[in-house]
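Undergrad: Quick one: the structure is below, questions incoming.
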Amino acid sequence: MMDSFEKIPVKIFPNVTEGSKLVAQEIAQLIREKAARNEPCVLGMATGNTPVLLYKELVRMHREEGLSFKNVITFNLDEYYPIDKNAYQSYWSFMHRHLFNHIDIDPNNLYIPDGTWPKESIKKHCAAYEQKLVDLGGVDLQLLGIGLNGHIGFNEPGSGQFSKTRLVNLDNTTRIANTYEFENISKVPRLALTMGISNIMQAKRILLMAWGQKASIVARSVEGDVTEQVPASILQQHPDCTFIIDEAASTELTRVKSPWLTGNCDWTPTLIKKAVISVALKLNKSVLSLTVNDYLENGLSDLLVEKGDAYEINLQVFYLLKNIITGWPAGKPNASLPDHPERCDIHPKRCLIFSPHPDDDIISMGGTLMRLHDQGNEVHVAYQTSGNIAVTDEFVTRFIDFAVGFEEMFGIDNQMSRRILEDARNYIANKQKDQQDTAEIRSIKGLIRRCEAKATCRYVGIADANCHFMNLPFYETGTVNKNPMGEVDIQLTMELLKQIKPHQVYCAGDLADPHGTHKVCLEVIFESLRRLKAAGESWITDCWVWLYKGAWQEWDISEIEMAIPMSPDQVMKKRFGIFIHQSQKDMVPFQGADSREFWQRAEDRNGHTAQLYAALGMTQYAAMEAFVRWHY
Ligand code: F6R
């Protein structure tokens with residue numbers, strides 16, 4: 001449905017998989033229609049994280065449904081410059097890895113800007129690339145992703161609507177965002193070749209996909225003014241463009257963020273809370289100070305008509321917020337608190353905290369972890385993956401060197417450790433970019449992270465026997481790209497759950513993270529719990545699941561169902577707990593777009609949550625950790 005605020009049609013899907021399937025179906029239909037007419041089908045291709053599941057679905061359709069690409073010609077949007085075609089990060093490699101190697105497309109029909117063109121003749125090559133596209137009839141269907149700054153292709157902000165295929169400078173934000181493909185930012189090329197906005201606009205049909213963290217730029221592109229500062233907003237002038245997005249990327253659209261502004265809405269308690277919080281934060285007022293006029297002037301007159309008195313509504317929301325805040329994450333023993341977010345009648349509770357990487361527990365819920373333990377609950381931590389790719393080569397050789405010295409110091413035969421050190425040094429010295437570590441180096445990297453996790457647990461007071469290192473196999477590819485969830489991952493998780501029979505499970509609920517480790521870790525837990533419930537495990541009816549967010553983001557304030565305050569001392573204690581993860585300090589491989597260290601991110605985020613509650617009129621705490629309950 002096209003909404004009045006939206007100037008481009010937008011289709012929202014529950015998740016990336018379903019959105020990608022729809023795009024794949026439209027592509028397949030076009031290919032087949034064209035094939036039936038004996039015509040070529042020209043597709044404009046994008047790279048990056050966004051189309052990965054789409055390409056996977058196209059490969060599946062080719063294998064299982066006989067979808068042929070014999071009549072398909074592809075033109076890619078862009079390529080880094082300069083870059084060797086065979087480099088792992090080149091878009092040439094990307095396209096072959098994800099799509100071309102697995103389908104029956106004619107290799108002569110693949111056009112990708114060439115990052116090896118000499119600079120002097122780039123203009124000529126770009127013109128020839130465009131001419132070829134025109135000669136072949138132009139793009140029938142153009143696929144696009146969108147950058148956090150609104151770029152399409154590599155048309156960064158400032159790119160005009162008449163821009164052509166050319167060499168461009170990459171925005172620093174783009175280089176930071178794409179760092180995950182490289183070892184660190186200094187390795188990300190500064191230049192790229194891209195088709196221009198005018199080329200993109202000539203496509204007969206455009207599908208722009210956006211998942212996860214893109215909510216704000218999607219809203220600006222679809223609802224904002226057309227401006228070269230947000231290149232994707234120029235798509236408002238295309239006659240046949242649709243945005244395909246998932247729920248996470250839809251959260252800033254008016255129809256989702258403030259549905260009361262778009263006409264009809266059903267005033268559930270959740271929506272009332274969301275509306276009142278949004279107006280209070282916008283006006284910088286506490287919930288209890290909102291007046292009738294504030295409601296009327298901010299699109300909430302409907303709510304007043306339906307529910308009556310503004311002050312009554314203020315009070316209702318105030319208590320909803322107040323009841324969420326508790327210093328007792330596992331319930332307060334023997335207290336009668338009917339509105340408490342957790343049950344108070346079961347005490348002590350068995351709590352199982354799933355941590356995708358060996359430091360997510362302390363980073364994301366360290367304050368809560370300490371409270372759970374200090375309040376007498378039986379706390380277990382399950383480290384789902386080894387986290388072995390995020391340890392530098394320097395760090396691992398330093399530790400092996402320590403092992404050699406240690407054995408020497410105590411007269412232990414160190415022939416073996418010397419051999420391991422020498423092998424590791426040789427291997428690392430000759431290691432190619434993106435080459436997998438040897439199994440030996442990977443296991444030592446995993447050991448380093450395991451020791452850090454154990455040390456953090458001891459620091460918090462959790463016994464070694466309650467630390468569970470799961471080493472889920474889906475993670476063990478030795479590269480940034482992980483396998484999907486497998487049966488062994490589920491079996492290992494079910495076994496642990498059956499062994500502990502927890503009353504509380506905590507897990508990283510990063511539903512918006514499209515391909516990352518956290519998402520798979522979460523799916524594994526959900527699938528395991530569903531199966532155990534279906535199998536009629538008796539304890540499962542008493543097992544509540546609480547989701548925390550990983551290091552990268554926080555829940556929206558109106559979604560939070562349990563908020564755990566922290567004192568300044570607890571903030572410091574958590575900081576020192578994070579410091580124990582020394583392999584993750586300063587320079588971490590695959591750091592991502594945020595250059596702050598993990599303890600800084602955690603403190604900023606927890607401090608910000610506390611400030612939001614204070615702004616709404618709650619008690620001002622130093623910091624807060626936040627949770628949402630998952631029902632199954
Ligand atoms: C890639 C491209 C870019 C990406 C955009 C989003 O060919 O043209 O515009 O679509 O940078 O990147 P991801 O998909 O990695 O979030």
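Letters A, B, ... go to the chains of the structure tokens in the order shown; residues in each chain start at 1; ligands are counted from 1 in the same order.
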With the cut-off set at 10 Å and counting only C-alpha atoms and all ligand atoms, tabulate each residue of chain A with an atom at most that distance from an atom of ligand 1, showing the nearest atom pair and its distance in Å to one decimal, ordered by chain and increasing number, as a tab-separated table.
TA:
```
residue	atom	partner	partner_atom_place_in_ligand_line	distance
A:Gly44	CA	ligand 1	7 (O)	9.8
A:Met45	CA	ligand 1	7 (O)	7.1
A:Ala46	CA	ligand 1	7 (O)	3.8
A:Thr47	CA	ligand 1	7 (O)	3.7
A:Gly48	CA	ligand 1	15 (O)	3.4
A:Asn49	CA	ligand 1	15 (O)	3.8
A:Thr50	CA	ligand 1	14 (O)	3.6
A:Pro51	CA	ligand 1	14 (O)	6.5
A:Val52	CA	ligand 1	14 (O)	8.3
A:Asn76	CA	ligand 1	7 (O)	7.1
A:Leu77	CA	ligand 1	7 (O)	5.6
A:Asp78	CA	ligand 1	7 (O)	5.4
A:Glu79	CA	ligand 1	7 (O)	7.2
A:Tyr80	CA	ligand 1	7 (O)	9.5
A:Tyr91	CA	ligand 1	7 (O)	7.4
A:Phe94	CA	ligand 1	7 (O)	9.8
A:Met95	CA	ligand 1	7 (O)	9.8
A:Leu143	CA	ligand 1	10 (O)	8.7
A:Leu144	CA	ligand 1	10 (O)	5.6
A:Gly145	CA	ligand 1	10 (O)	3.3
A:Ile146	CA	ligand 1	5 (C)	4.4
A:Gly147	CA	ligand 1	11 (O)	4.1
A:Leu148	CA	ligand 1	6 (C)	7.3
A:Asn149	CA	ligand 1	11 (O)	8.8
A:Gly150	CA	ligand 1	9 (O)	8.4
A:His151	CA	ligand 1	9 (O)	5.7
A:Ile152	CA	ligand 1	9 (O)	4.3
A:Gly153	CA	ligand 1	8 (O)	3.1
A:Phe154	CA	ligand 1	9 (O)	5.2
A:Asn155	CA	ligand 1	9 (O)	7.5
A:Glu156	CA	ligand 1	9 (O)	8.7
A:Thr174	CA	ligand 1	11 (O)	6.9
A:Arg175	CA	ligand 1	11 (O)	9.4
A:Ala177	CA	ligand 1	15 (O)	7.7
A:Asn178	CA	ligand 1	15 (O)	6.8
A:Tyr180	CA	ligand 1	15 (O)	9.2
A:Glu181	CA	ligand 1	15 (O)	9.1
A:Leu193	CA	ligand 1	8 (O)	9.9
A:Thr194	CA	ligand 1	8 (O)	7.7
A:Met195	CA	ligand 1	8 (O)	8.9
A:Leu208	CA	ligand 1	10 (O)	8.7
A:Met209	CA	ligand 1	14 (O)	8.3
A:Ala210	CA	ligand 1	16 (O)	7.5
A:Trp211	CA	ligand 1	16 (O)	7.8
A:Gly212	CA	ligand 1	16 (O)	9.0
A:Gln213	CA	ligand 1	16 (O)	8.7
A:Lys214	CA	ligand 1	16 (O)	8.1
A:Ala232	CA	ligand 1	9 (O)	9.7
A:Pro514	CA	ligand 1	16 (O)	9.8
```
Undergrad: Counting only C-alpha atoms, what is within 9 Å of Lys85 (chain A), bar same-chain residues fewer than 4 positions away, as a PyMOL selection string?
TA: chain A and resi 89-93+114-116
Undergrad: CA of Asn38 (chain A) to CA of Ala24 (chain A): how many Å, to one decimal?
TA: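 Going from CA of Asn38 (chain A) over to CA of Ala24 (chain A), I get 20.6 Å.
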Undergrad: Report as a VMD selection string: the residues of region 51-281 of chain A with a DSSP assignment of strand (DSSP E), based on the backbone of this structure.
TA: chain A and resid 72 to 76 78 to 81 110 to 111 141 to 144 166 to 169 191 to 194 205 to 210 241 to 246
Undergrad: Selection from above, C-alpha atoms, as a compact mmCIF listing (two decimals), in the first residue's frame, can you write it?
TA:
```txt
# COMPACT_ATOMS: atom_id res chain seq x y z
CA VAL A 72 20.46 -13.03 -19.24
CA ILE A 73 22.95 -10.20 -19.62
CA THR A 74 24.17 -8.48 -16.48
CA PHE A 75 25.63 -5.04 -15.89
CA ASN A 76 27.11 -4.36 -12.50
CA ASP A 78 30.21 -0.47 -9.62
CA GLU A 79 33.67 -1.70 -8.68
CA TYR A 80 36.43 -0.54 -6.38
CA TYR A 81 39.34 1.25 -8.03
CA LEU A 110 28.74 -10.38 -17.79
CA TYR A 111 29.68 -6.71 -17.62
CA LEU A 141 15.44 -4.47 -14.14
CA GLN A 142 17.93 -2.65 -11.94
CA LEU A 143 18.72 -3.96 -8.43
CA LEU A 144 19.95 -1.46 -5.88
CA ARG A 166 32.70 7.63 -13.89
CA LEU A 167 35.47 7.38 -11.35
CA VAL A 168 34.43 8.73 -7.94
CA ASN A 169 35.88 9.31 -4.50
CA LEU A 191 38.15 5.44 -5.35
CA ALA A 192 35.52 3.48 -7.21
CA LEU A 193 33.93 3.23 -10.63
CA THR A 194 30.20 3.61 -10.69
CA ARG A 205 12.18 -1.00 -13.56
CA ILE A 206 14.10 -0.49 -10.29
CA LEU A 207 13.98 -2.55 -7.09
CA LEU A 208 15.87 -1.06 -4.17
CA MET A 209 16.38 -3.42 -1.25
CA ALA A 210 17.20 -2.27 2.28
CA CYS A 241 10.69 2.00 -8.70
CA THR A 242 9.78 0.03 -5.56
CA PHE A 243 11.58 -0.21 -2.23
CA ILE A 244 11.66 -3.71 -0.76
CA ILE A 245 12.52 -3.52 2.92
CA ASP A 246 12.32 -5.59 6.09
```
Undergrad: Would you list the contacts of Pro338 (chain A) as a count of residues only, taking every protein, DNA or RNA residue within 10 Å and counting only C-alpha atoms, but skipping same-chain residues closer than 5 positions in sequence?
TA: 3
Undergrad: Please identify the alpha helix (DSSP H) residues within region 47-146 of chain A (assignment by DSSP from backbone atoms) and present them as a compact mmCIF listing (two decimals) with all heavy atoms, in the first residue's frame.
TA:
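Result file follows (states15.txt):
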```txt
# COMPACT_ATOMS: atom_id res chain seq x y z
N VAL A 52 22.88 -10.57 -0.94
CA VAL A 52 23.47 -11.91 -0.78
C VAL A 52 22.39 -13.01 -0.73
O VAL A 52 22.48 -14.02 -1.44
CB VAL A 52 24.37 -11.97 0.48
CG1 VAL A 52 24.79 -13.39 0.79
CG2 VAL A 52 25.62 -11.10 0.28
N LEU A 53 21.34 -12.79 0.04
CA LEU A 53 20.30 -13.83 0.13
C LEU A 53 19.49 -13.92 -1.17
O LEU A 53 19.01 -14.98 -1.54
CB LEU A 53 19.36 -13.57 1.29
CG LEU A 53 19.90 -13.90 2.68
CD1 LEU A 53 18.79 -13.83 3.71
CD2 LEU A 53 20.55 -15.27 2.73
N LEU A 54 19.38 -12.78 -1.86
CA LEU A 54 18.69 -12.79 -3.16
C LEU A 54 19.45 -13.70 -4.13
O LEU A 54 18.86 -14.55 -4.80
CB LEU A 54 18.61 -11.36 -3.71
CG LEU A 54 18.33 -11.25 -5.20
CD1 LEU A 54 16.92 -11.73 -5.52
CD2 LEU A 54 18.51 -9.82 -5.69
N TYR A 55 20.78 -13.52 -4.19
CA TYR A 55 21.56 -14.34 -5.11
C TYR A 55 21.50 -15.81 -4.72
O TYR A 55 21.43 -16.70 -5.56
CB TYR A 55 23.02 -13.83 -5.17
CG TYR A 55 23.12 -12.43 -5.79
CD1 TYR A 55 24.16 -11.57 -5.48
CD2 TYR A 55 22.15 -11.98 -6.68
CE1 TYR A 55 24.24 -10.28 -6.04
CE2 TYR A 55 22.21 -10.70 -7.24
CZ TYR A 55 23.25 -9.86 -6.91
OH TYR A 55 23.31 -8.61 -7.46
N LYS A 56 21.45 -16.05 -3.42
CA LYS A 56 21.35 -17.43 -2.96
C LYS A 56 20.03 -18.05 -3.44
O LYS A 56 19.98 -19.20 -3.88
CB LYS A 56 21.39 -17.40 -1.43
CG LYS A 56 21.74 -18.70 -0.82
CD LYS A 56 22.08 -18.52 0.63
CE LYS A 56 22.09 -19.87 1.28
NZ LYS A 56 22.03 -19.82 2.70
N GLU A 57 18.98 -17.27 -3.36
CA GLU A 57 17.67 -17.76 -3.79
C GLU A 57 17.65 -17.99 -5.31
O GLU A 57 17.08 -18.96 -5.79
CB GLU A 57 16.59 -16.74 -3.36
CG GLU A 57 15.18 -17.04 -3.82
CD GLU A 57 14.57 -18.32 -3.24
OE1 GLU A 57 15.20 -18.96 -2.38
OE2 GLU A 57 13.47 -18.69 -3.70
N LEU A 58 18.31 -17.10 -6.06
CA LEU A 58 18.36 -17.31 -7.52
C LEU A 58 19.12 -18.59 -7.85
O LEU A 58 18.73 -19.34 -8.74
CB LEU A 58 19.02 -16.10 -8.20
CG LEU A 58 18.20 -14.81 -8.23
CD1 LEU A 58 19.02 -13.66 -8.82
CD2 LEU A 58 16.90 -14.99 -9.03
N VAL A 59 20.20 -18.84 -7.11
CA VAL A 59 20.97 -20.07 -7.33
C VAL A 59 20.07 -21.28 -7.02
O VAL A 59 20.02 -22.27 -7.77
CB VAL A 59 22.25 -20.10 -6.45
CG1 VAL A 59 22.93 -21.45 -6.52
CG2 VAL A 59 23.20 -18.97 -6.87
N ARG A 60 19.32 -21.18 -5.92
CA ARG A 60 18.42 -22.29 -5.57
C ARG A 60 17.38 -22.51 -6.68
O ARG A 60 17.12 -23.63 -7.09
CB ARG A 60 17.71 -21.97 -4.24
CG ARG A 60 16.94 -23.14 -3.67
CD ARG A 60 15.88 -22.74 -2.65
NE ARG A 60 14.83 -21.89 -3.19
CZ ARG A 60 13.83 -22.32 -3.97
NH1 ARG A 60 13.74 -23.60 -4.28
NH2 ARG A 60 12.92 -21.48 -4.44
N MET A 61 16.83 -21.40 -7.20
CA MET A 61 15.82 -21.53 -8.26
C MET A 61 16.42 -22.16 -9.51
O MET A 61 15.75 -22.92 -10.21
CB MET A 61 15.25 -20.15 -8.61
CG MET A 61 14.35 -19.60 -7.55
SD MET A 61 13.91 -17.89 -7.96
CE MET A 61 12.16 -17.92 -7.73
N HIS A 62 17.69 -21.82 -9.76
CA HIS A 62 18.35 -22.42 -10.92
C HIS A 62 18.49 -23.94 -10.70
O HIS A 62 18.15 -24.74 -11.58
CB HIS A 62 19.73 -21.78 -11.12
CG HIS A 62 20.59 -22.51 -12.08
ND1 HIS A 62 20.30 -22.55 -13.43
CD2 HIS A 62 21.71 -23.25 -11.91
CE1 HIS A 62 21.22 -23.29 -14.05
NE2 HIS A 62 22.09 -23.72 -13.15
N ARG A 63 18.94 -24.31 -9.50
CA ARG A 63 19.21 -25.72 -9.24
C ARG A 63 17.94 -26.54 -9.10
O ARG A 63 17.82 -27.64 -9.60
CB ARG A 63 20.01 -25.87 -7.94
CG ARG A 63 21.45 -25.43 -8.13
CD ARG A 63 22.30 -25.79 -6.94
NE ARG A 63 23.67 -25.33 -7.16
CZ ARG A 63 24.45 -24.84 -6.21
NH1 ARG A 63 24.01 -24.77 -4.96
NH2 ARG A 63 25.66 -24.45 -6.49
N GLU A 64 16.97 -25.97 -8.37
CA GLU A 64 15.80 -26.79 -8.03
C GLU A 64 14.61 -26.56 -8.95
O GLU A 64 13.75 -27.41 -9.06
CB GLU A 64 15.38 -26.51 -6.58
CG GLU A 64 16.42 -26.99 -5.59
CD GLU A 64 16.10 -26.58 -4.15
OE1 GLU A 64 14.95 -26.21 -3.88
OE2 GLU A 64 17.03 -26.64 -3.32
N GLU A 65 14.55 -25.39 -9.56
CA GLU A 65 13.35 -25.11 -10.37
C GLU A 65 13.69 -24.92 -11.84
O GLU A 65 12.86 -24.48 -12.63
CB GLU A 65 12.63 -23.86 -9.82
CG GLU A 65 12.12 -24.08 -8.41
CD GLU A 65 11.61 -22.79 -7.75
OE1 GLU A 65 11.44 -21.78 -8.46
OE2 GLU A 65 11.40 -22.82 -6.54
N TYR A 91 34.37 -6.63 -6.76
CA TYR A 91 32.98 -6.99 -7.04
C TYR A 91 32.91 -8.06 -8.13
O TYR A 91 31.93 -8.78 -8.23
CB TYR A 91 32.17 -5.73 -7.37
CG TYR A 91 31.93 -4.86 -6.14
CD1 TYR A 91 31.53 -3.54 -6.25
CD2 TYR A 91 32.10 -5.39 -4.85
CE1 TYR A 91 31.30 -2.77 -5.11
CE2 TYR A 91 31.87 -4.62 -3.72
CZ TYR A 91 31.48 -3.32 -3.86
OH TYR A 91 31.25 -2.55 -2.74
N TRP A 92 33.96 -8.13 -8.92
CA TRP A 92 34.05 -9.21 -9.90
C TRP A 92 34.07 -10.56 -9.15
O TRP A 92 33.29 -11.46 -9.45
CB TRP A 92 35.34 -9.02 -10.72
CG TRP A 92 35.38 -9.80 -11.99
CD1 TRP A 92 34.94 -9.37 -13.20
CD2 TRP A 92 35.86 -11.13 -12.17
NE1 TRP A 92 35.12 -10.35 -14.14
CE2 TRP A 92 35.69 -11.45 -13.55
CE3 TRP A 92 36.43 -12.08 -11.35
CZ2 TRP A 92 36.05 -12.66 -14.09
CZ3 TRP A 92 36.79 -13.30 -11.87
CH2 TRP A 92 36.61 -13.58 -13.23
N SER A 93 34.93 -10.66 -8.13
CA SER A 93 34.97 -11.90 -7.34
C SER A 93 33.65 -12.13 -6.62
O SER A 93 33.13 -13.24 -6.57
CB SER A 93 36.05 -11.84 -6.26
OG SER A 93 37.31 -11.74 -6.82
N PHE A 94 33.12 -11.05 -6.05
CA PHE A 94 31.87 -11.16 -5.30
C PHE A 94 30.78 -11.79 -6.16
O PHE A 94 30.08 -12.73 -5.75
CB PHE A 94 31.44 -9.76 -4.82
CG PHE A 94 30.11 -9.73 -4.12
CD1 PHE A 94 30.04 -9.72 -2.73
CD2 PHE A 94 28.92 -9.71 -4.85
CE1 PHE A 94 28.80 -9.70 -2.08
CE2 PHE A 94 27.69 -9.69 -4.21
CZ PHE A 94 27.63 -9.68 -2.83
N MET A 95 30.62 -11.25 -7.37
CA MET A 95 29.53 -11.72 -8.23
C MET A 95 29.73 -13.18 -8.62
O MET A 95 28.76 -13.94 -8.69
CB MET A 95 29.44 -10.86 -9.50
CG MET A 95 28.92 -9.46 -9.27
SD MET A 95 27.33 -9.36 -8.39
CE MET A 95 26.21 -10.24 -9.46
N HIS A 96 30.99 -13.55 -8.87
CA HIS A 96 31.23 -14.95 -9.22
C HIS A 96 30.98 -15.86 -8.03
O HIS A 96 30.38 -16.93 -8.15
CB HIS A 96 32.66 -15.12 -9.78
CG HIS A 96 32.76 -14.61 -11.18
ND1 HIS A 96 32.87 -13.27 -11.47
CD2 HIS A 96 32.71 -15.26 -12.38
CE1 HIS A 96 32.89 -13.10 -12.79
NE2 HIS A 96 32.80 -14.29 -13.37
N ARG A 97 31.45 -15.41 -6.87
CA ARG A 97 31.31 -16.23 -5.66
C ARG A 97 29.84 -16.45 -5.31
O ARG A 97 29.43 -17.54 -4.96
CB ARG A 97 32.04 -15.49 -4.53
CG ARG A 97 32.30 -16.27 -3.30
CD ARG A 97 33.36 -15.63 -2.41
NE ARG A 97 33.04 -14.28 -1.97
CZ ARG A 97 33.76 -13.20 -2.27
NH1 ARG A 97 34.83 -13.30 -3.03
NH2 ARG A 97 33.43 -12.02 -1.81
N HIS A 98 29.06 -15.38 -5.40
CA HIS A 98 27.67 -15.49 -4.93
C HIS A 98 26.69 -15.93 -6.00
O HIS A 98 25.63 -16.46 -5.68
CB HIS A 98 27.20 -14.16 -4.34
CG HIS A 98 27.86 -13.85 -3.03
ND1 HIS A 98 27.47 -14.44 -1.85
CD2 HIS A 98 28.90 -13.05 -2.72
CE1 HIS A 98 28.22 -13.99 -0.86
NE2 HIS A 98 29.12 -13.16 -1.37
N ILE A 122 40.41 5.93 -18.40
CA ILE A 122 39.18 5.58 -17.67
C ILE A 122 37.94 6.18 -18.33
O ILE A 122 36.92 5.50 -18.48
CB ILE A 122 39.27 6.10 -16.21
CG1 ILE A 122 40.13 5.15 -15.41
CG2 ILE A 122 37.91 6.27 -15.59
CD1 ILE A 122 39.40 4.19 -14.58
N LYS A 123 38.05 7.43 -18.74
CA LYS A 123 36.87 8.09 -19.32
C LYS A 123 36.38 7.33 -20.53
O LYS A 123 35.18 7.10 -20.72
CB LYS A 123 37.20 9.53 -19.69
CG LYS A 123 37.20 10.43 -18.48
CD LYS A 123 37.05 11.88 -18.89
CE LYS A 123 36.93 12.70 -17.63
NZ LYS A 123 37.68 13.93 -17.66
N LYS A 124 37.35 6.90 -21.36
CA LYS A 124 37.00 6.17 -22.57
C LYS A 124 36.29 4.85 -22.20
O LYS A 124 35.26 4.50 -22.76
CB LYS A 124 38.30 5.88 -23.34
CG LYS A 124 38.09 5.69 -24.81
CD LYS A 124 39.42 5.56 -25.54
CE LYS A 124 39.87 4.10 -25.54
NZ LYS A 124 41.28 3.93 -25.82
N HIS A 125 36.84 4.19 -21.21
CA HIS A 125 36.25 2.91 -20.79
C HIS A 125 34.84 3.11 -20.25
O HIS A 125 33.94 2.31 -20.52
CB HIS A 125 37.13 2.26 -19.73
CG HIS A 125 38.34 1.61 -20.30
ND1 HIS A 125 38.27 0.61 -21.23
CD2 HIS A 125 39.65 1.83 -20.07
CE1 HIS A 125 39.49 0.23 -21.55
NE2 HIS A 125 40.35 0.95 -20.86
N CYS A 126 34.67 4.17 -19.47
CA CYS A 126 33.35 4.42 -18.89
C CYS A 126 32.33 4.68 -20.00
O CYS A 126 31.21 4.16 -19.98
CB CYS A 126 33.39 5.61 -17.93
SG CYS A 126 34.27 5.23 -16.41
N ALA A 127 32.75 5.48 -20.99
CA ALA A 127 31.84 5.78 -22.09
C ALA A 127 31.50 4.50 -22.85
O ALA A 127 30.34 4.26 -23.22
CB ALA A 127 32.48 6.81 -23.02
N ALA A 128 32.51 3.64 -23.03
CA ALA A 128 32.27 2.38 -23.76
C ALA A 128 31.31 1.48 -22.96
O ALA A 128 30.45 0.80 -23.53
CB ALA A 128 33.60 1.67 -24.00
N TYR A 129 31.46 1.49 -21.65
CA TYR A 129 30.58 0.68 -20.77
C TYR A 129 29.12 1.12 -20.95
O TYR A 129 28.23 0.30 -21.15
CB TYR A 129 31.03 0.87 -19.32
CG TYR A 129 30.46 -0.14 -18.34
CD1 TYR A 129 30.96 -1.44 -18.28
CD2 TYR A 129 29.43 0.20 -17.45
CE1 TYR A 129 30.46 -2.36 -17.37
CE2 TYR A 129 28.92 -0.71 -16.55
CZ TYR A 129 29.45 -1.99 -16.50
OH TYR A 129 28.95 -2.90 -15.60
N GLU A 130 28.93 2.44 -20.95
CA GLU A 130 27.57 2.97 -21.12
C GLU A 130 27.03 2.65 -22.51
O GLU A 130 25.87 2.27 -22.66
CB GLU A 130 27.60 4.50 -20.98
CG GLU A 130 27.71 4.94 -19.56
CD GLU A 130 27.57 6.46 -19.42
OE1 GLU A 130 27.58 7.17 -20.45
OE2 GLU A 130 27.43 6.91 -18.28
N GLN A 131 27.90 2.79 -23.52
CA GLN A 131 27.47 2.55 -24.89
C GLN A 131 27.03 1.09 -25.07
O GLN A 131 26.01 0.81 -25.70
CB GLN A 131 28.62 2.90 -25.86
CG GLN A 131 28.21 2.94 -27.31
CD GLN A 131 27.01 3.87 -27.56
OE1 GLN A 131 26.99 5.01 -27.09
NE2 GLN A 131 25.98 3.37 -28.26
N LYS A 132 27.80 0.20 -24.47
CA LYS A 132 27.48 -1.24 -24.56
C LYS A 132 26.08 -1.49 -24.01
O LYS A 132 25.28 -2.22 -24.58
CB LYS A 132 28.52 -2.02 -23.75
CG LYS A 132 28.46 -3.50 -23.94
CD LYS A 132 29.10 -3.91 -25.25
CE LYS A 132 28.52 -5.21 -25.75
NZ LYS A 132 28.94 -5.51 -27.12
N LEU A 133 25.80 -0.83 -22.89
CA LEU A 133 24.50 -0.99 -22.24
C LEU A 133 23.38 -0.48 -23.17
O LEU A 133 22.35 -1.15 -23.33
CB LEU A 133 24.51 -0.22 -20.91
CG LEU A 133 23.24 -0.23 -20.07
CD1 LEU A 133 22.78 -1.66 -19.79
CD2 LEU A 133 23.47 0.48 -18.74
N VAL A 134 23.63 0.66 -23.79
CA VAL A 134 22.63 1.21 -24.71
C VAL A 134 22.44 0.25 -25.89
O VAL A 134 21.31 -0.10 -26.26
CB VAL A 134 23.07 2.61 -25.21
CG1 VAL A 134 22.14 3.12 -26.31
CG2 VAL A 134 23.13 3.59 -24.05
N ASP A 135 23.57 -0.24 -26.44
CA ASP A 135 23.50 -1.15 -27.59
C ASP A 135 22.68 -2.39 -27.27
O ASP A 135 22.01 -2.96 -28.12
CB ASP A 135 24.90 -1.60 -28.02
CG ASP A 135 25.72 -0.43 -28.57
OD1 ASP A 135 25.12 0.64 -28.82
OD2 ASP A 135 26.96 -0.58 -28.70
```
Undergrad: I'd like to know which of A:Ser250, A:Ser278, A:Asn606, A:Asn426 is closest to Asp294 (chain A), using only C-alpha atoms.
TA: A:Ser278
Undergrad: Name all residues at most 8 Å from Gly478 (chain A) (count only C-alpha atoms; drop same-chain ones fewer than 2 positions away) and give them as a JSON list (two decimals) with C-alpha atoms, in the first residue's frame.
TA:
```
[["chain", "number", "residue", "atom", "x", "y", "z"],
["A", 388, "ASN", "CA", 38.60, -17.07, 16.87],
["A", 389, "ILE", "CA", 38.70, -14.87, 13.78],
["A", 436, "GLN", "CA", 42.34, -18.78, 6.39],
["A", 437, "ASP", "CA", 44.52, -19.46, 9.45],
["A", 442, "ARG", "CA", 42.66, -20.90, 14.90],
["A", 475, "TYR", "CA", 30.99, -20.35, 12.97],
["A", 476, "GLU", "CA", 34.09, -22.40, 12.24],
["A", 480, "VAL", "CA", 34.19, -13.57, 7.98]]
```
Undergrad: One number please: CA of Gly509 (chain A) to CA of Leu547 (chain A), in Å, one decimal.
TA: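 About the pair CA of Gly509 (chain A) and CA of Leu547 (chain A): they are 4.9 Å apart.
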Undergrad: List as a PyMOL selection string the protein and nucleic acid residues near Trp267 (chain A), meaning an atom at most 9 Å away when only C-alpha atoms are counted, but skip any in the same chain fewer than 5 places from it.
TA: chain A and resi 260+272+303+306-307
